[in-house]
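A.B. asks: Dropping in entry-v6.cif, with mmCIF, C-alpha atoms.
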```cif
data_query
#
loop_
_atom_site.label_atom_id
_atom_site.label_comp_id
_atom_site.auth_asym_id
_atom_site.auth_seq_id
_atom_site.Cartn_x
_atom_site.Cartn_y
_atom_site.Cartn_z
CA MET A 1 81.40 128.19 5.53
CA ASN A 2 85.15 127.78 5.23
CA CYS A 3 87.13 125.07 7.01
CA ASP A 4 87.75 127.07 10.17
CA GLN A 5 84.07 127.97 10.45
CA VAL A 6 83.01 124.35 10.02
CA LEU A 7 85.45 123.21 12.68
CA GLU A 8 84.18 125.89 15.02
CA LYS A 9 80.62 124.74 14.37
CA LEU A 10 81.59 121.16 15.22
CA ARG A 11 83.19 122.30 18.46
CA SER A 12 80.11 124.33 19.36
CA ILE A 13 77.82 121.28 19.19
CA ALA A 14 80.34 118.84 20.67
CA ASP A 15 79.84 117.15 24.01
CA PRO A 16 82.72 115.27 25.69
CA GLU A 17 80.12 112.96 27.26
CA THR A 18 79.32 111.71 23.76
CA VAL A 19 82.91 110.49 23.42
CA ARG A 20 82.50 108.42 26.58
CA VAL A 21 79.10 107.02 25.57
CA LYS A 22 80.30 106.00 22.12
CA ARG A 23 83.37 104.34 23.59
CA GLU A 24 81.60 102.43 26.36
CA ARG A 25 78.35 101.57 24.58
CA PHE A 26 79.48 101.07 21.00
CA GLY A 27 83.21 100.36 21.24
CA ILE A 28 84.07 103.45 19.19
CA VAL A 29 87.52 104.68 20.20
CA ALA A 30 88.81 107.63 18.20
CA ASN A 31 91.75 109.97 18.53
CA ARG A 32 90.95 113.67 18.50
CA ALA A 33 87.21 113.11 18.81
CA CYS A 34 85.26 116.09 20.15
CA GLY A 35 81.95 114.29 20.68
CA VAL A 36 79.38 114.77 17.92
CA TYR A 37 76.82 112.16 16.90
CA LEU A 38 76.42 111.16 13.26
CA LYS A 39 72.90 112.60 13.06
CA ASP A 40 74.28 116.04 13.86
CA ILE A 41 77.05 115.63 11.31
CA LYS A 42 74.44 114.75 8.69
CA ALA A 43 72.52 117.92 9.56
CA LEU A 44 75.66 119.96 8.97
CA ASP A 45 76.28 118.09 5.73
CA SER A 46 72.87 119.23 4.47
CA ASP A 47 73.85 122.84 5.00
CA LEU A 48 77.21 122.51 3.26
CA GLY A 49 76.34 120.53 0.17
CA GLU A 50 78.98 118.89 -2.02
CA ASN A 51 82.38 120.55 -1.65
CA SER A 52 85.38 118.33 -2.32
CA ASP A 53 88.02 120.99 -1.63
CA LEU A 54 86.52 121.70 1.77
CA ALA A 55 86.21 117.96 2.41
CA ILE A 56 89.95 117.46 1.96
CA MET A 57 90.75 120.33 4.32
CA LEU A 58 88.39 118.88 6.91
CA PHE A 59 90.01 115.47 6.64
CA ASP A 60 93.48 116.95 6.92
CA SER A 61 92.48 118.72 10.14
CA GLY A 62 92.79 115.33 11.86
CA ILE A 63 89.63 115.91 13.89
CA TYR A 64 87.56 112.73 13.94
CA GLU A 65 84.17 114.28 13.29
CA ALA A 66 85.60 116.52 10.57
CA ARG A 67 86.81 113.38 8.81
CA MET A 68 83.34 111.88 9.09
CA LEU A 69 81.92 115.03 7.52
CA CYS A 70 84.48 114.78 4.72
CA SER A 71 82.88 111.52 3.59
CA LYS A 72 79.52 113.27 3.27
CA ILE A 73 80.55 116.22 1.09
CA PHE A 74 83.32 114.82 -1.14
CA ASP A 75 82.28 113.89 -4.69
CA PRO A 76 82.84 110.10 -5.08
CA ALA A 77 83.57 110.62 -8.78
CA LEU A 78 86.77 112.43 -7.78
CA LEU A 79 88.15 109.58 -5.66
CA THR A 80 91.55 108.31 -6.75
CA ASP A 81 93.50 105.22 -5.80
CA LYS A 82 96.01 107.36 -3.93
CA LEU A 83 93.33 109.18 -1.95
CA MET A 84 91.45 106.01 -1.01
CA GLU A 85 94.67 104.36 0.14
CA GLN A 86 95.63 107.42 2.16
CA TRP A 87 92.28 107.58 3.88
CA VAL A 88 91.74 103.88 4.55
CA GLN A 89 95.02 103.79 6.46
CA THR A 90 93.57 106.21 9.02
CA PHE A 91 90.50 104.11 9.90
CA GLU A 92 90.63 103.49 13.64
CA ASN A 93 87.23 102.00 14.41
CA TRP A 94 84.23 100.40 12.74
CA GLU A 95 82.17 103.59 12.63
CA ILE A 96 84.43 105.67 10.41
CA CYS A 97 85.26 102.61 8.32
CA ASP A 98 81.59 101.97 7.60
CA ILE A 99 80.70 105.63 7.03
CA PHE A 100 83.41 106.01 4.40
CA CYS A 101 82.62 102.72 2.68
CA MET A 102 78.83 102.61 2.70
CA GLY A 103 77.76 105.86 1.09
CA PHE A 104 81.05 107.06 -0.30
CA PHE A 105 83.72 104.56 -1.38
CA ALA A 106 81.04 102.16 -2.66
CA LYS A 107 80.05 104.79 -5.25
CA SER A 108 83.58 105.08 -6.63
CA SER A 109 84.58 103.45 -9.93
CA LEU A 110 87.37 101.84 -7.87
CA ALA A 111 85.02 100.16 -5.39
CA LEU A 112 85.30 96.62 -6.76
CA THR A 113 89.06 96.84 -7.14
CA LYS A 114 89.50 98.09 -3.59
CA ALA A 115 87.10 95.51 -2.17
CA ALA A 116 89.29 92.74 -3.56
CA GLU A 117 92.59 94.40 -2.64
CA TRP A 118 91.66 95.37 0.90
CA SER A 119 90.19 91.95 1.70
CA GLU A 120 93.76 90.58 1.48
CA ARG A 121 95.31 93.15 3.78
CA ASP A 122 96.30 92.46 7.39
CA GLU A 123 95.17 95.71 9.05
CA GLU A 124 91.86 95.06 10.82
CA PHE A 125 89.92 98.06 9.55
CA VAL A 126 91.43 97.96 6.07
CA LYS A 127 90.32 94.35 5.73
CA ARG A 128 86.94 95.27 7.18
CA ALA A 129 86.66 98.05 4.60
CA GLY A 130 87.04 95.50 1.82
CA PHE A 131 84.11 93.46 3.09
CA VAL A 132 81.95 96.49 3.88
CA LEU A 133 82.37 97.48 0.24
CA MET A 134 81.16 94.02 -0.77
CA ALA A 135 78.20 94.33 1.58
CA CYS A 136 77.22 97.76 0.25
CA TYR A 137 78.15 97.65 -3.42
CA GLY A 138 74.77 96.22 -4.34
CA PHE A 139 73.05 99.40 -3.19
CA ALA A 140 75.52 101.62 -5.06
CA ASP A 141 75.04 99.69 -8.30
CA LYS A 142 71.53 98.25 -8.36
CA LYS A 143 71.90 97.14 -11.99
CA ALA A 144 75.09 95.12 -11.50
CA ASP A 145 75.15 91.60 -12.90
CA ASN A 146 75.06 88.62 -10.55
CA GLU A 147 78.52 87.56 -11.73
CA ILE A 148 80.05 90.54 -9.93
CA PHE A 149 78.72 89.25 -6.61
CA ARG A 150 79.64 85.65 -7.33
CA ARG A 151 83.27 86.80 -7.45
CA PHE A 152 82.97 87.71 -3.78
CA PHE A 153 82.16 84.16 -2.65
CA PRO A 154 85.72 82.74 -2.91
CA ILE A 155 87.04 85.80 -1.08
CA ILE A 156 84.50 85.33 1.70
CA GLU A 157 85.39 81.65 2.01
CA ARG A 158 89.08 82.52 2.15
CA GLU A 159 88.69 84.92 5.07
CA VAL A 160 86.13 83.19 7.31
CA ASN A 161 88.84 82.04 9.71
CA ASP A 162 89.84 85.58 10.69
CA ASP A 163 88.40 85.72 14.20
CA ARG A 164 88.85 89.45 14.78
CA LEU A 165 85.46 90.83 15.75
CA TYR A 166 85.18 93.63 13.22
CA VAL A 167 86.51 91.51 10.38
CA LYS A 168 84.27 88.49 10.89
CA LYS A 169 81.20 90.71 11.32
CA ALA A 170 81.97 92.39 8.00
CA VAL A 171 82.52 89.04 6.26
CA ASN A 172 79.16 87.89 7.59
CA TRP A 173 77.51 91.16 6.53
CA ALA A 174 78.83 90.78 2.98
CA LEU A 175 77.50 87.23 2.69
CA ARG A 176 74.07 88.18 4.03
CA ASN A 177 73.71 91.23 1.77
CA ILE A 178 74.71 89.30 -1.34
CA GLY A 179 72.08 86.73 -0.46
CA LYS A 180 69.39 89.37 -0.09
CA ARG A 181 70.06 90.86 -3.52
CA ASN A 182 67.83 88.43 -5.46
CA VAL A 183 66.44 84.90 -5.33
CA ASP A 184 69.30 83.37 -7.32
CA LEU A 185 72.03 84.87 -5.16
CA LEU A 186 69.99 83.92 -2.11
CA GLN A 187 70.27 80.22 -2.91
CA GLU A 188 73.95 80.55 -3.78
CA SER A 189 74.70 82.44 -0.55
CA ILE A 190 72.89 79.79 1.49
CA ALA A 191 75.03 77.11 -0.17
CA VAL A 192 78.20 79.09 0.65
CA ALA A 193 77.06 79.57 4.25
CA GLU A 194 76.39 75.84 4.64
CA LYS A 195 79.86 75.09 3.30
CA ILE A 196 81.42 77.62 5.67
CA VAL A 197 79.73 76.05 8.69
CA GLN A 198 81.59 72.84 7.90
CA GLY A 199 84.90 74.72 7.81
CA GLY A 200 85.85 73.92 11.36
CA SER A 201 86.98 77.18 12.93
CA LYS A 202 84.86 78.93 15.52
CA SER A 203 84.81 82.10 13.42
CA ALA A 204 83.73 80.23 10.27
CA ARG A 205 80.92 78.46 12.13
CA TRP A 206 79.64 81.74 13.54
CA ILE A 207 79.72 83.48 10.15
CA GLY A 208 77.95 80.62 8.41
CA ARG A 209 75.30 80.01 11.06
CA ASN A 210 74.50 83.68 11.49
CA ALA A 211 74.07 84.07 7.74
CA LEU A 212 71.86 80.98 7.56
CA ASN A 213 69.70 82.20 10.43
CA GLU A 214 68.83 85.31 8.43
CA LEU A 215 68.83 84.01 4.87
CA THR A 216 66.59 81.00 5.57
CA LYS A 217 63.85 82.97 7.32
CA PRO A 218 60.52 82.73 5.46
CA ASP A 219 60.17 86.51 5.54
CA VAL A 220 63.75 87.40 4.58
CA LYS A 221 63.72 90.67 2.65
CA ILE A 222 64.91 90.24 -0.94
CA PHE A 223 65.65 93.43 -2.88
CA ASP A 224 65.15 92.00 -6.40
CA TYR A 225 68.15 93.75 -7.96
CA PRO A 226 68.50 94.22 -10.87
CA ARG A 227 64.78 94.89 -10.98
CA ALA A 228 64.64 94.82 -14.77
CA ILE A 229 65.21 91.07 -14.39
CA TYR A 230 63.71 90.18 -11.02
CA ARG A 231 60.53 92.25 -11.14
#
```
Here is the file; what I need is its structure written in the form of structure tokens.
C.D. replies:
Amino acid sequence: MNCDQVLEKLRSIADPETVRVKRERFGIVANRACGVYLKDIKALDSDLGENSDLAIMLFDSGIYEARMLCSKIFDPALLTDKLMEQWVQTFENWEICDIFCMGFFAKSSLALTKAAEWSERDEEFVKRAGFVLMACYGFADKKADNEIFRRFFPIIEREVNDDRLYVKKAVNWALRNIGKRNVDLLQESIAVAEKIVQGGSKSARWIGRNALNELTKPDVKIFDYPRAIYR
């Protein structure tokens, strides 16, 4: 399918009621949304396969769901600094931020650089993107050394006082996921969380306590990455 055919397909399965449900139930507000759930976008992605040229045309259409589809069919190896900066500036809610970062940006060779850079930015969903990359990088690079994740701790501690909902949730997510990578990072993440709880701000206390609630459970799931070392 070409770009016009894909857009027509999206319109044919769209439901305006979906726009309302996503807004009211999940807080997802998007300009130019036609109303297609992610599961249906993934089904379309399976039919299209990898096609980076088409992905760019879909993104440039400005249609929200077409941009979501872009993240599914663009080759992460072709991501450039310019393209990532262009796209991150358009993030308007947590859904599209997370979709781009989790299975797409996290696979780029620029992922670690952008995680650090974006964590310092003021824009809510750009900053969130930085921490979502930290939360998801461990699944993109299962062989990465622990030192890579230790570098995230000072950044997390620096930003725990940002009380914006979608920022603090991402900071918390990053801390929890680092802790679940292996037993060594688990203990280090718990220590960071305990320190954060003492930080004073309401946001810091929530981030630290929420992380501790999960990381100190007896049945917390540890992924044992890199498995050549931890299994």
A.B. asks: Using only C-alpha atoms, which of A:Lys221, A:Phe139, A:Met1, A:Asn31 sits nearest Asp45 (chain A)?
C.D. replies: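 Of all the options, A:Met1 lies closest to Asp45 (chain A).
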A.B. asks: Once the PyMOL selection byres ((chain A and resi 229) around 12) has been evaluated on this model, what residues remain selected, and can you format them as a PyMOL selection string?
C.D. replies: chain A and resi 142-146+181-184+223-228+230-231
A.B. asks: To test your reading of the syntax: which residues would the PyMOL selection byres ((chain A and resi 3-17) around 10) return for the file shown? Reply as a ChimeraX atom specification.
C.D. replies: /A:1-2,18-23,33-37,40-41,44,48,53-58,61,63,65-66,69
A.B. asks: Pull out every residue that the PyMOL selection byres ((chain A and resi 99) around 12) matches in the shown coordinates and put them as a PyMOL selection string.
C.D. replies: chain A and resi 38+41-42+65+67-72+88+91+93-98+100-106+129+132-133+136
A.B. asks: Name the closest residue to Arg158 (chain A) among the candidates A:Glu120, A:Glu194, A:Glu50, A:Asp219; distances are taken between atoms, counting all atoms listed in the file.
C.D. replies: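 Ranking A:Glu120, A:Glu194, A:Glu50, A:Asp219 by distance to Arg158 (chain A), first place goes to A:Glu120.
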A.B. asks: Name the residues in contact with Arg164 (chain A) at a cut-off of 9 Å, using all atoms listed in the file, excluding same-chain residues fewer than 4 positions from it; report them as an MDAnalysis selection string.
C.D. replies: chainID A and resid 124 168:169 203
A.B. asks: Which of these residues is nearest to Asn213 (chain A), using all atoms listed in the file: A:Ala193, A:Val29, A:Leu185, A:Ala174?
C.D. replies: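 Closest to Asn213 (chain A) of all the choices is A:Ala193.
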A.B. asks: Kindly indicate which residue among A:Ser46, A:Thr80, A:Asn210, A:Ser201 lies nearest to Ser108 (chain A), using all atoms listed in the file for the distances.
C.D. replies: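 Checking each of A:Ser46, A:Thr80, A:Asn210, A:Ser201 against Ser108 (chain A), counting all atoms listed in the file, the winner is A:Thr80.
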A.B. asks: Env of Ser109 (chain A): 9 Å cut, atoms = all atoms listed in the file, seq-sep filter 2 positions within chain, self excluded. Answer as a PyMOL selection string.
C.D. replies: chain A and resi 76-77+79+105-107+111-113
A.B. asks: May I ask for the distance between CA of Ala211 (chain A) and CA of Phe152 (chain A), given in Å to one decimal place?
C.D. replies: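 So the two atoms, CA of Ala211 (chain A) and CA of Phe152 (chain A), lie 15.0 Å apart.
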A.B. asks: Considering only C-alpha atoms, state which residue in the set A:Ser52, A:Gln198, A:Ser119, A:Thr216 is at the smallest distance from Arg176 (chain A).
C.D. replies: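 The shortest atom-to-atom distance to Arg176 (chain A) comes from A:Thr216.
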